[in-house]
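**Q** Got a structure for you, questions after.
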Amino acid sequence: MSQTQRTIYTATTDPEPSAREIENQRRCRAAAAEGMVLLKNEGVLPLKEHAAVALYGRGVRRTVKGGTGSGSVNERRVVSIYEGMLNAGFRVTTDAWLDDYDRQYASANERWKEEIGQKTRNSWNFEVFAKTPFEAPTGGPVTPTEADVAIFVVSRIAGENADRRAEPGDYAFSREEEALLRDICTYYDKVILVINAGGQMDLTVMDRYKNIAGLLIMGLPGMEAGAAFADLLLGRVVPSGKLADSWAFAYQDFPCADEYSHNDGNTYMEYYREGIYVGYRYFDTFDIPVRYGFGYGLSYTRFSLHTDSVTLAGTELQVSVTVTNTGSTCSGKEVVQVYATCPDGRMAKEYRRLVGFAKTKLLAPGQAQQLTIRVPAEMLKSYDEALPGWVLEKGAYYIWVGNSLESAALAAQLRLDEDAVLERTRNECFRIVEMEEKQADAQRDTFKRARCARLAAEQGLPVLELKAEAFATRTVCYRTNCQLAREETRALVDSLTGEQKLLLANGELYKDGTWTPLHGEPSTPGAVGETSRCAVEQGIPNLLMADGPAGLRLLPRYREKDGQLLRAKSRMGYSEGQIIAVEDGYVPVEGEVTHYQYCTAIPSGAQIAQSWNTELAGDMGRLVAVEMEEFGIAIWLAPGINIHRNPLCGRNFEYFSEDPVLAGNLAAAITRGVQQTPRLAVMVKHLACNNQEDNRHFSNSVVSERALREIYLRNFEIAVKEGEPWCVMSSYNLLNGVHAANNFALCTSILRCEWGFRGFVSTDWKTTVHDGGCTAAGCMRAGNDLVMPGYEFDVRNLERELSDGTLDIKEVNACLSRLVYVIRGLRS
């Protein structure tokens with residue numbers, strides 16, 4: 001763009017909230033409440049209108065709406081718990097305590113900012129922020145007040161580039177927090193504990209303080225957090241959320257507790273020794289008790305579930321369940337969950353796995369709804385490394401139905417006469433070291449499956465007969481990167497000059513050859529990247545991409561004068577050329593124009609997962625699509641769908657669940673929600689095994705082929721096949737010794753040849769900044785089509801390897817053909 005050309009800005013110059021903002025906040029509020037999970041309620045909830053409430057904790061006035069890093073959004077404002085409750089008519093009796101806390105918080109925050117400033121020394125260093133967490137104060141002593149109930153809000157915040165700690169003040173309550181809770185329980189008869197965090201915590205305090213009458217997992221609900229919280233406490237919204245993760249009695253109960261991330265002092269090698277036994281699959285198979293189990297959640301009303309029938313339609317199970325609201329006062333929603341016990345044949349299996357779910361509409365007292373949950377037989381498949389491929393092993397399959405894993409009751413039995421091979425593949429991700437995986441006890445597994453058979457017989461459940469001959473075996477045709485070039489755009493790519501091809505394979509280069517955070521396309525400042533503008537005249541326009549997955553991370557306010565954005569060095573250490581953000585209270589000088597581009601901070605991925613509602617997930621996608629159109633964003637860098645392997649992963653709040661079926665289906669719903677709007681796309685991330693944030697660029701995930709396929713890729717497989725995203729993002733980490741972005745097995749063999757993905761693959765930002773590791777040329781060889789965000793040294797790496805013959809121009813052309821295919825598809 002020439003210096004004299006005036007930029008066409010997408011933001012508004014009107015400072016007032018737009019109709020779009022107001023409508024999206026309403027939808028965000030409803031979604032936030034539906035993702036909250038009530039775990040204990042001894043008659044304390046719902047509260048009466050105008051109740052007197054004693055509020056304690058950091059999260060009361062400083063409610064955490066989401067995590068840090070790419071999972072953050074620069075919204076107009078966040079409704080705190082305090083504000084939400086006041087607006088709802090509650091009378092807060094602890095203003096003096098909260099005022100004193102605000103003073104403590106402000107002082108501690110200033111000290112933290114000084115520490116950050118000294119560490120960064122005026123240069124942008126994201127690691128400094130990630131590795132220097134703000135330690136919020138706990139608060140002063142408790143003085144009893146005249147209140148009907150006391151609420152203690154425990155808040156935690158996490159984000160990319162750093163994992164959580166299994167220590168007091170993070171996974172566990174700090175001594176100060178427990179002392180505060182002890183005093184609260186001393187002075188108040190009824191106490192509600194609220195967890196305002198994006199993942200599990202140690203809840204041993206529930207055993208020590210018996211007058212904790214209510215426990216609510218508030219989660220990270222987005223910008224309407226406090227309003228949604230008040231809605232739920234008053235019963236305007238009846239709780240319907242269910243846990244998307246298992247909450248153990250102690251952190252040590254998790255199978256990879258001691259070895260995870262920094263816990264063993266080695267962040268370079270991460271051994272997935274638990275194999276397929278992740279989350280509830282481990283607890284359920286090994287009979288390890290949990291405090292609150294997968295799929296569990298209470299309501300203010302009661303529901304009955306009656307399994308009407310389980311039938312076979314070809315090779316698909318159809319489970320029909322009637323759900324009735326048997327309560328007398330509240331309308332509510334319920335979740336039906338279907339699990340399966342697969343036979344232990346040559347391959348040991350988890351005791352039960354989720355194979356389907358559905359949520360009812362809002363049911364009035366006495367109202368019923370019949371749901372039919374369709375379970376394709378492939379939901380019962382296992383990966384056989386010896387074949388290799390996907391198989392259904394012969395034997396008895398047992399189907400369970402309930403509103404949680406714990407409550408699920410045996411509903412049907414299915415018998416397969418012979419092994420059925422669904423798909424012949426090849427093993428792709430070979431381990432570089434031998435590793436012994438956790439094995440279930442064969443005797444216990446035999447006993448548990450024998451118990452299933454006995455229960456089925458006692459209940460007189462019919463046997464559904466399924467024949468192996470009903471299945472056709474698909475044999476995957478593996479092709480090279482070049483063979484997967486898009487014919488539709490091959491001629492256009494061939495017409496480009498050599499330099500254009502090198503530039504187009506990378507994100508847009510800026511004047512100093514680097515990309516700076518919060519820089520972006522001048523028309524849409526923010527955490528925005530863009531494809532190259534080098535071939536616009538040849539009909540290949542640039543596309544803008546914005547951070548996710550909690551909404552669009554754009555600069556909320558910025559200044560322009562005479563058609564140019566004002567830039568300067570940020571006091572927080574961004575590099576030269578940074579677009580100036582407008583701070584509160586700033587008065588523009590003559591000739592300056594302030595632009596506003598406030599976006600909606602939707603609930604976190606973990607919060608959406610707790611809704612168990614694909615329609616809600618789709619609506620969040622449609623909400624974001626409206627803002628993408630408004631601000632000229634073509635690709636949303638979301639959803640993030642990595643598995644919650646361990647509670648300490650710093651980005652678990654961005655991701656959905658410990659279960660790949662729940663995660664994959666919700667990701668597909670969000671994808672469809674965004675992409676039903678023409679010319680918009682999502683970028684599903686991070687492929688694959690991005691389950692650790694400490695040392696995330698160099699951490700090597702060592703995992704067996706079977707565990708990889710059944711757990712860590714299954715969610716991506718569902719998202720790709722059911723959602724059909726235009727784009728996929730590879731991850732930073734190594735997988736069995738190979739960087740994901742340079743991994744041909746991931747980017748080509750599995751993603752394209754096995755799953756049929758037709759879009760383009762992009763690196764994560766700064767993926768190639770690896771000493772002796774990941775390279776731009778390696779990306780092209782792997783079928784990773786685009787290197788982001790755009791660096792001169794990546795362009796020159798491609799140039800060198802093309803020159804010395806280690807990279808074939810045909811590989812580059814194949815990658816560009818897919819990239820151009822998507823660009824033109826989104827801009828047609």
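Every chain in the structure tokens has a letter given in the order shown (A, B, ...), and although residue numbers restart at 1 in each chain, ligands are simply numbered from 1 in the order shown.
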Any idea what's packed within 12 Å of Glu717 (chain A), counting only C-alpha atoms, ignoring anything in its chain fewer than 5 positions away? Could you give it as JSON, numbers by chain?
**A** {"A": [379, 641, 642, 660, 661, 663, 664, 665, 667, 668, 684, 687, 688, 708, 709, 710, 711, 712, 722, 723, 724, 725, 728, 746, 750, 751, 752, 753, 754, 755, 756, 757]}
**Q** DSSP says helix (DSSP H, G or I) for which residues of region 208-398 of chain A? Put them as a PyMOL selection string?
**A** chain A and resi 208+225-234+251-253+261-264+280-285+377-380
**Q** Excluding same-chain residues fewer than 3 positions from region 399-403 of chain A, what lies within 7 Å of it counting only C-alpha atoms, as a list of chain:residue names?
**A**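 Skipping anything fewer than 3 positions along the chain leaves A:Gly295, A:Val335, A:Val336, A:Gln337, A:Val338, A:Tyr339, A:Ala340, A:Thr341, A:Ser407, A:Ala408, A:Ala409, A:Leu410, A:Ala411, A:Ala412, A:Gln413.
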**Q** Output N, CA and C atoms for every residue in the selection just made, as a compact mmCIF listing (two decimals), in the first residue's frame.
**A**
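result27.txt, freshly written:
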# COMPACT_ATOMS: atom_id res chain seq x y z
N GLY A 295 -18.98 -36.40 33.11
CA GLY A 295 -20.39 -36.31 32.73
C GLY A 295 -21.34 -35.98 33.86
N VAL A 335 -28.84 -33.95 29.81
CA VAL A 335 -27.94 -34.55 28.84
C VAL A 335 -28.06 -36.07 28.91
N VAL A 336 -28.22 -36.70 27.76
CA VAL A 336 -28.21 -38.16 27.67
C VAL A 336 -26.86 -38.57 27.12
N GLN A 337 -26.19 -39.48 27.82
CA GLN A 337 -24.86 -39.94 27.44
C GLN A 337 -24.90 -41.44 27.17
N VAL A 338 -24.28 -41.85 26.07
CA VAL A 338 -24.24 -43.26 25.69
C VAL A 338 -22.79 -43.72 25.71
N TYR A 339 -22.55 -44.81 26.44
CA TYR A 339 -21.22 -45.39 26.56
C TYR A 339 -21.24 -46.82 26.03
N ALA A 340 -20.08 -47.33 25.71
CA ALA A 340 -19.98 -48.70 25.22
C ALA A 340 -18.83 -49.42 25.91
N THR A 341 -19.07 -50.67 26.24
CA THR A 341 -18.02 -51.59 26.68
C THR A 341 -17.69 -52.50 25.50
N SER A 407 -23.83 -42.86 36.55
CA SER A 407 -25.24 -43.25 36.62
C SER A 407 -25.68 -44.13 35.46
N ALA A 408 -24.80 -44.32 34.46
CA ALA A 408 -25.20 -45.04 33.25
C ALA A 408 -25.61 -46.48 33.58
N ALA A 409 -26.71 -46.90 32.97
CA ALA A 409 -27.24 -48.24 33.19
C ALA A 409 -27.15 -49.04 31.90
N LEU A 410 -26.95 -50.33 32.05
CA LEU A 410 -26.86 -51.20 30.88
C LEU A 410 -28.19 -51.19 30.14
N ALA A 411 -28.14 -50.97 28.82
CA ALA A 411 -29.37 -50.82 28.04
C ALA A 411 -29.47 -51.79 26.88
N ALA A 412 -28.36 -52.35 26.41
CA ALA A 412 -28.42 -53.24 25.26
C ALA A 412 -27.11 -53.99 25.14
N GLN A 413 -27.18 -55.09 24.39
CA GLN A 413 -25.96 -55.83 24.07
C GLN A 413 -25.93 -56.11 22.57
**Q** Could the residues of region 31-82 of chain A that have an atom at most 9 Å from region 550-569 of chain A be listed as a tab-separated table, each with its closest atom pair and the distance in Å to one decimal, counting only C-alpha atoms and ordered by chain and ascending residue number?
**A**
residue	atom	partner	partner_atom	distance
A:Gly66	CA	A:Ala550	CA	7.6
A:Gly67	CA	A:Ala550	CA	9.0
A:Ser70	CA	A:Arg553	CA	7.4
A:Gly71	CA	A:Ala550	CA	5.5
A:Ser72	CA	A:Ala550	CA	6.4
A:Val73	CA	A:Arg553	CA	4.6
A:Asn74	CA	A:Pro556	CA	5.9
A:Glu75	CA	A:Pro556	CA	7.0
A:Arg76	CA	A:Pro556	CA	7.4
**Q** Save out the residues we just selected, N, CA, C and O atoms, as a CSV table (one decimal), in the first residue's frame.
**A**
chain,number,residue,atom,x,y,z
A,66,GLY,N,-11.4,-15.6,31.3
A,66,GLY,CA,-10.7,-16.5,30.3
A,66,GLY,C,-9.2,-16.5,30.7
A,66,GLY,O,-8.8,-16.0,31.7
A,67,GLY,N,-8.4,-17.2,29.9
A,67,GLY,CA,-7.0,-17.4,30.1
A,67,GLY,C,-6.2,-16.3,29.4
A,67,GLY,O,-6.7,-15.4,28.8
A,70,SER,N,-3.2,-16.5,23.4
A,70,SER,CA,-4.1,-16.5,22.3
A,70,SER,C,-5.6,-16.7,22.7
A,70,SER,O,-6.5,-16.4,22.0
A,71,GLY,N,-5.7,-17.3,23.9
A,71,GLY,CA,-7.1,-17.5,24.5
A,71,GLY,C,-7.7,-16.3,25.1
A,71,GLY,O,-8.8,-16.4,25.7
A,72,SER,N,-7.1,-15.2,24.9
A,72,SER,CA,-7.6,-13.9,25.5
A,72,SER,C,-8.3,-13.1,24.4
A,72,SER,O,-8.1,-13.3,23.2
A,73,VAL,N,-9.2,-12.2,24.9
A,73,VAL,CA,-10.0,-11.3,24.0
A,73,VAL,C,-10.0,-10.0,24.6
A,73,VAL,O,-10.2,-9.9,25.8
A,74,ASN,N,-9.9,-8.9,23.8
A,74,ASN,CA,-9.9,-7.5,24.3
A,74,ASN,C,-11.4,-7.0,24.2
A,74,ASN,O,-11.7,-6.2,23.3
A,75,GLU,N,-12.2,-7.5,25.1
A,75,GLU,CA,-13.6,-7.1,25.1
A,75,GLU,C,-13.8,-5.7,25.7
A,75,GLU,O,-12.9,-5.1,26.2
A,76,ARG,N,-15.0,-5.1,25.5
A,76,ARG,CA,-15.3,-3.8,26.1
A,76,ARG,C,-15.2,-3.8,27.6
A,76,ARG,O,-14.6,-2.9,28.2
**Q** Can you list, as a PDB file with N, CA and C atoms, in the first residue's frame, all residues belonging to region 729-767 of chain A that DSSP tags as strand (DSSP E)?
**A**
ATOM      1  N   MET A 729      -4.074 -26.189  11.878  1.00  0.00           N
ATOM      2  CA  MET A 729      -2.788 -25.681  12.350  1.00  0.00           C
ATOM      3  C   MET A 729      -1.992 -26.815  12.980  1.00  0.00           C
ATOM      4  N   SER A 730      -0.730 -26.949  12.586  1.00  0.00           N
ATOM      5  CA  SER A 730       0.153 -27.924  13.228  1.00  0.00           C
ATOM      6  C   SER A 730       0.663 -27.345  14.548  1.00  0.00           C
ATOM      7  N   LEU A 734       7.383 -31.801  19.216  1.00  0.00           N
ATOM      8  CA  LEU A 734       7.794 -32.954  18.433  1.00  0.00           C
ATOM      9  C   LEU A 734       6.844 -34.108  18.762  1.00  0.00           C
ATOM     10  N   LEU A 735       6.622 -34.966  17.787  1.00  0.00           N
ATOM     11  CA  LEU A 735       5.864 -36.187  17.992  1.00  0.00           C
ATOM     12  C   LEU A 735       6.760 -37.353  17.610  1.00  0.00           C
ATOM     13  N   VAL A 738       9.855 -36.041  15.763  1.00  0.00           N
ATOM     14  CA  VAL A 738       9.731 -35.188  14.577  1.00  0.00           C
ATOM     15  C   VAL A 738       8.821 -34.005  14.901  1.00  0.00           C
ATOM     16  N   HIS A 739       9.293 -32.789  14.606  1.00  0.00           N
ATOM     17  CA  HIS A 739       8.451 -31.619  14.819  1.00  0.00           C
ATOM     18  C   HIS A 739       7.146 -31.762  14.029  1.00  0.00           C
ATOM     19  N   PHE A 760      -5.793 -26.260   3.652  1.00  0.00           N
ATOM     20  CA  PHE A 760      -4.357 -26.085   3.824  1.00  0.00           C
ATOM     21  C   PHE A 760      -3.977 -26.185   5.293  1.00  0.00           C
ATOM     22  N   VAL A 761      -2.710 -26.550   5.507  1.00  0.00           N
ATOM     23  CA  VAL A 761      -2.140 -26.658   6.846  1.00  0.00           C
ATOM     24  C   VAL A 761      -1.184 -25.502   7.064  1.00  0.00           C
ATOM     25  N   SER A 762      -1.309 -24.860   8.221  1.00  0.00           N
ATOM     26  CA  SER A 762      -0.428 -23.748   8.591  1.00  0.00           C
ATOM     27  C   SER A 762       0.359 -24.121   9.837  1.00  0.00           C
TER      28      SER A 762
END
**Q** What's the 7 Å shell around region 53-63 of chain A, counting only C-alpha atoms, without same-chain residues fewer than 2 positions away, as an mmCIF file with all heavy atoms, in the first residue's frame?
**A**
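Saved file selection-v2.cif follows:
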data_model
loop_
_atom_site.group_PDB
_atom_site.id
_atom_site.type_symbol
_atom_site.label_atom_id
_atom_site.label_comp_id
_atom_site.auth_asym_id
_atom_site.auth_seq_id
_atom_site.Cartn_x
_atom_site.Cartn_y
_atom_site.Cartn_z
ATOM 1 N N ALA A 51 -31.796 -11.568 48.281
ATOM 2 C CA ALA A 51 -31.130 -12.186 49.424
ATOM 3 C C ALA A 51 -29.898 -11.383 49.811
ATOM 4 O O ALA A 51 -29.253 -10.734 48.978
ATOM 5 C CB ALA A 51 -30.739 -13.618 49.081
ATOM 6 N N LYS A 65 -12.431 -14.151 33.347
ATOM 7 C CA LYS A 65 -13.329 -14.527 32.251
ATOM 8 C C LYS A 65 -12.704 -15.524 31.296
ATOM 9 O O LYS A 65 -13.397 -16.206 30.547
ATOM 10 C CB LYS A 65 -13.815 -13.292 31.492
ATOM 11 C CG LYS A 65 -12.730 -12.337 31.003
ATOM 12 C CD LYS A 65 -12.189 -12.649 29.609
ATOM 13 C CE LYS A 65 -11.183 -11.601 29.164
ATOM 14 N NZ LYS A 65 -10.560 -11.909 27.859
ATOM 15 N N SER A 80 -18.371 -8.570 36.335
ATOM 16 C CA SER A 80 -17.867 -9.338 37.475
ATOM 17 C C SER A 80 -19.013 -9.981 38.242
ATOM 18 O O SER A 80 -20.189 -9.615 38.069
ATOM 19 C CB SER A 80 -17.078 -8.423 38.412
ATOM 20 O OG SER A 80 -17.964 -7.496 39.053
ATOM 21 N N ILE A 81 -18.676 -10.896 39.107
ATOM 22 C CA ILE A 81 -19.681 -11.507 39.980
ATOM 23 C C ILE A 81 -20.359 -10.429 40.824
ATOM 24 O O ILE A 81 -21.589 -10.426 40.989
ATOM 25 C CB ILE A 81 -19.025 -12.573 40.875
ATOM 26 C CG1 ILE A 81 -18.708 -13.823 40.044
ATOM 27 C CG2 ILE A 81 -19.918 -12.923 42.061
ATOM 28 C CD1 ILE A 81 -17.957 -14.892 40.808
ATOM 29 N N TYR A 82 -19.563 -9.505 41.332
ATOM 30 C CA TYR A 82 -20.108 -8.444 42.175
ATOM 31 C C TYR A 82 -21.144 -7.620 41.408
ATOM 32 O O TYR A 82 -22.269 -7.404 41.878
ATOM 33 C CB TYR A 82 -18.962 -7.563 42.658
ATOM 34 C CG TYR A 82 -19.371 -6.409 43.547
ATOM 35 C CD1 TYR A 82 -19.648 -6.615 44.893
ATOM 36 C CD2 TYR A 82 -19.459 -5.113 43.039
ATOM 37 C CE1 TYR A 82 -20.008 -5.557 45.717
ATOM 38 C CE2 TYR A 82 -19.811 -4.047 43.852
ATOM 39 C CZ TYR A 82 -20.089 -4.280 45.187
ATOM 40 O OH TYR A 82 -20.447 -3.235 45.999
ATOM 41 N N PHE A 90 -29.381 -8.617 44.452
ATOM 42 C CA PHE A 90 -28.836 -9.133 45.701
ATOM 43 C C PHE A 90 -28.301 -7.979 46.554
ATOM 44 O O PHE A 90 -27.860 -6.948 46.032
ATOM 45 C CB PHE A 90 -27.704 -10.118 45.438
ATOM 46 C CG PHE A 90 -28.147 -11.446 44.891
ATOM 47 C CD1 PHE A 90 -27.980 -11.741 43.540
ATOM 48 C CD2 PHE A 90 -28.716 -12.394 45.710
ATOM 49 C CE1 PHE A 90 -28.379 -12.958 43.026
ATOM 50 C CE2 PHE A 90 -29.126 -13.624 45.209
ATOM 51 C CZ PHE A 90 -28.963 -13.912 43.869
ATOM 52 N N ARG A 91 -28.313 -8.171 47.852
ATOM 53 C CA ARG A 91 -27.722 -7.200 48.775
ATOM 54 C C ARG A 91 -26.409 -7.765 49.294
ATOM 55 O O ARG A 91 -26.380 -8.781 49.982
ATOM 56 C CB ARG A 91 -28.677 -6.913 49.939
ATOM 57 C CG ARG A 91 -28.141 -5.864 50.921
ATOM 58 C CD ARG A 91 -29.238 -5.389 51.855
ATOM 59 N NE ARG A 91 -29.770 -6.477 52.659
ATOM 60 C CZ ARG A 91 -29.238 -6.858 53.832
ATOM 61 N NH1 ARG A 91 -28.173 -6.233 54.316
ATOM 62 N NH2 ARG A 91 -29.795 -7.831 54.517
ATOM 63 N N VAL A 92 -25.291 -7.114 48.925
ATOM 64 C CA VAL A 92 -23.963 -7.585 49.312
ATOM 65 C C VAL A 92 -23.598 -6.972 50.657
ATOM 66 O O VAL A 92 -23.645 -5.741 50.818
ATOM 67 C CB VAL A 92 -22.919 -7.221 48.247
ATOM 68 C CG1 VAL A 92 -21.521 -7.651 48.688
ATOM 69 C CG2 VAL A 92 -23.275 -7.878 46.914
ATOM 70 N N THR A 93 -23.205 -7.826 51.596
ATOM 71 C CA THR A 93 -22.952 -7.358 52.969
ATOM 72 C C THR A 93 -21.468 -7.187 53.285
ATOM 73 O O THR A 93 -21.124 -6.858 54.421
ATOM 74 C CB THR A 93 -23.547 -8.363 53.975
ATOM 75 O OG1 THR A 93 -22.860 -9.615 53.851
ATOM 76 C CG2 THR A 93 -25.040 -8.558 53.731
ATOM 77 N N THR A 94 -20.590 -7.403 52.306
ATOM 78 C CA THR A 94 -19.148 -7.418 52.588
ATOM 79 C C THR A 94 -18.387 -6.367 51.787
ATOM 80 O O THR A 94 -17.243 -6.579 51.384
ATOM 81 C CB THR A 94 -18.571 -8.818 52.280
ATOM 82 O OG1 THR A 94 -19.005 -9.230 50.972
ATOM 83 C CG2 THR A 94 -19.016 -9.838 53.316
ATOM 84 N N THR A 138 -4.812 -12.839 48.975
ATOM 85 C CA THR A 138 -5.987 -13.615 49.395
ATOM 86 C C THR A 138 -7.055 -12.734 50.018
ATOM 87 O O THR A 138 -8.246 -12.964 49.819
ATOM 88 C CB THR A 138 -5.576 -14.714 50.392
ATOM 89 O OG1 THR A 138 -4.589 -15.543 49.777
ATOM 90 C CG2 THR A 138 -6.772 -15.563 50.789
ATOM 91 N N ALA A 147 -25.956 -12.031 56.784
ATOM 92 C CA ALA A 147 -26.162 -12.521 55.419
ATOM 93 C C ALA A 147 -26.882 -13.857 55.451
ATOM 94 O O ALA A 147 -26.729 -14.645 56.397
ATOM 95 C CB ALA A 147 -24.829 -12.661 54.693
ATOM 96 N N ASP A 148 -27.666 -14.118 54.423
ATOM 97 C CA ASP A 148 -28.370 -15.392 54.309
ATOM 98 C C ASP A 148 -27.424 -16.524 53.935
ATOM 99 O O ASP A 148 -27.648 -17.686 54.278
ATOM 100 C CB ASP A 148 -29.482 -15.293 53.259
ATOM 101 C CG ASP A 148 -30.490 -14.209 53.590
ATOM 102 O OD1 ASP A 148 -30.972 -14.191 54.733
ATOM 103 O OD2 ASP A 148 -30.777 -13.380 52.704
ATOM 104 N N VAL A 149 -26.360 -16.179 53.204
ATOM 105 C CA VAL A 149 -25.416 -17.177 52.718
ATOM 106 C C VAL A 149 -24.094 -16.482 52.428
ATOM 107 O O VAL A 149 -24.064 -15.285 52.123
ATOM 108 C CB VAL A 149 -25.959 -17.885 51.450
ATOM 109 C CG1 VAL A 149 -26.094 -16.892 50.302
ATOM 110 C CG2 VAL A 149 -25.101 -19.069 51.054
ATOM 111 N N ALA A 150 -23.002 -17.220 52.555
ATOM 112 C CA ALA A 150 -21.684 -16.707 52.187
ATOM 113 C C ALA A 150 -21.198 -17.437 50.935
ATOM 114 O O ALA A 150 -21.417 -18.648 50.788
ATOM 115 C CB ALA A 150 -20.689 -16.895 53.324
ATOM 116 N N ILE A 151 -20.554 -16.698 50.050
ATOM 117 C CA ILE A 151 -20.020 -17.275 48.817
ATOM 118 C C ILE A 151 -18.533 -16.962 48.750
ATOM 119 O O ILE A 151 -18.125 -15.802 48.840
ATOM 120 C CB ILE A 151 -20.736 -16.707 47.579
ATOM 121 C CG1 ILE A 151 -22.225 -17.064 47.615
ATOM 122 C CG2 ILE A 151 -20.099 -17.239 46.298
ATOM 123 C CD1 ILE A 151 -23.029 -16.457 46.478
ATOM 124 N N PHE A 152 -17.721 -18.011 48.605
ATOM 125 C CA PHE A 152 -16.277 -17.846 48.489
ATOM 126 C C PHE A 152 -15.871 -18.226 47.071
ATOM 127 O O PHE A 152 -16.071 -19.357 46.632
ATOM 128 C CB PHE A 152 -15.556 -18.731 49.510
ATOM 129 C CG PHE A 152 -14.051 -18.628 49.478
ATOM 130 C CD1 PHE A 152 -13.424 -17.427 49.159
ATOM 131 C CD2 PHE A 152 -13.256 -19.719 49.776
ATOM 132 C CE1 PHE A 152 -12.042 -17.319 49.128
ATOM 133 C CE2 PHE A 152 -11.872 -19.639 49.752
ATOM 134 C CZ PHE A 152 -11.263 -18.429 49.437
ATOM 135 N N VAL A 153 -15.308 -17.256 46.345
ATOM 136 C CA VAL A 153 -14.925 -17.451 44.951
ATOM 137 C C VAL A 153 -13.414 -17.661 44.876
ATOM 138 O O VAL A 153 -12.632 -16.756 45.184
ATOM 139 C CB VAL A 153 -15.331 -16.248 44.078
ATOM 140 C CG1 VAL A 153 -14.972 -16.521 42.618
ATOM 141 C CG2 VAL A 153 -16.819 -15.963 44.227
ATOM 142 N N VAL A 154 -13.009 -18.853 44.448
ATOM 143 C CA VAL A 154 -11.590 -19.173 44.278
ATOM 144 C C VAL A 154 -11.261 -19.082 42.794
ATOM 145 O O VAL A 154 -11.861 -19.789 41.979
ATOM 146 C CB VAL A 154 -11.272 -20.585 44.812
ATOM 147 C CG1 VAL A 154 -9.807 -20.927 44.575
ATOM 148 C CG2 VAL A 154 -11.609 -20.677 46.291
ATOM 149 N N SER A 155 -10.327 -18.202 42.449
ATOM 150 C CA SER A 155 -10.013 -17.943 41.038
ATOM 151 C C SER A 155 -8.612 -18.399 40.691
ATOM 152 O O SER A 155 -7.688 -18.316 41.510
ATOM 153 C CB SER A 155 -10.139 -16.447 40.734
ATOM 154 O OG SER A 155 -11.462 -16.011 40.888
ATOM 155 N N ASN A 196 -13.715 -20.501 40.038
ATOM 156 C CA ASN A 196 -13.614 -19.648 38.846
ATOM 157 C C ASN A 196 -12.260 -19.932 38.191
ATOM 158 O O ASN A 196 -11.314 -19.180 38.327
ATOM 159 C CB ASN A 196 -13.752 -18.190 39.281
ATOM 160 C CG ASN A 196 -13.508 -17.171 38.185
ATOM 161 O OD1 ASN A 196 -13.038 -16.066 38.453
ATOM 162 N ND2 ASN A 196 -13.818 -17.509 36.950
#
**Q** Thr767 (chain A): which residues within 12 Å, counting only C-alpha atoms, same-chain residues fewer than 2 positions away excluded, as JSON, numbers by chain?
**A** {"A": [506, 686, 696, 697, 698, 729, 730, 731, 732, 733, 734, 739, 740, 741, 742, 762, 763, 764, 765, 769, 770, 771, 773, 774, 775, 776, 778, 779, 784, 786, 787, 788, 789, 790, 791, 794]}
**Q** For the selection just defined, write its residues with C-alpha atoms to a file, as a tab-separated table (two decimals), in the first residue's frame.
**A**
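This went into out.tsv:
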chain	number	residue	atom	x	y	z
A	506	ASN	CA	5.12	-17.58	4.20
A	686	HIS	CA	-2.99	-27.87	17.31
A	696	ARG	CA	6.52	-26.30	24.18
A	697	HIS	CA	8.80	-25.75	21.16
A	698	PHE	CA	11.08	-28.64	22.05
A	729	MET	CA	-2.79	-25.68	12.35
A	730	SER	CA	0.15	-27.92	13.23
A	731	SER	CA	1.64	-27.77	16.71
A	732	TYR	CA	4.98	-26.69	18.16
A	733	ASN	CA	5.99	-29.94	19.82
A	734	LEU	CA	7.79	-32.95	18.43
A	739	HIS	CA	8.45	-31.62	14.82
A	740	ALA	CA	4.73	-31.64	14.02
A	741	ALA	CA	5.08	-29.01	11.30
A	742	ASN	CA	7.78	-31.12	9.59
A	762	SER	CA	-0.43	-23.75	8.59
A	763	THR	CA	2.27	-23.70	11.21
A	764	ASP	CA	1.71	-22.10	14.57
A	765	TRP	CA	3.39	-18.71	14.99
A	769	VAL	CA	12.42	-20.68	15.25
A	770	HIS	CA	14.14	-23.91	16.33
A	771	ASP	CA	17.87	-24.39	16.61
A	773	GLY	CA	14.94	-28.33	14.38
A	774	CYS	CA	11.93	-27.28	12.38
A	775	THR	CA	12.54	-25.51	9.04
A	776	ALA	CA	10.38	-23.87	6.41
A	778	GLY	CA	10.80	-29.19	6.15
A	779	CYS	CA	7.26	-27.81	6.30
A	784	ASN	CA	2.57	-28.16	5.86
A	786	LEU	CA	2.06	-22.19	5.04
A	787	VAL	CA	4.75	-20.91	7.42
A	788	MET	CA	3.50	-18.20	9.77
A	789	PRO	CA	3.74	-15.40	10.64
A	790	GLY	CA	6.37	-14.36	8.05
A	791	TYR	CA	10.13	-14.09	8.44
A	794	ASP	CA	12.25	-18.64	6.33
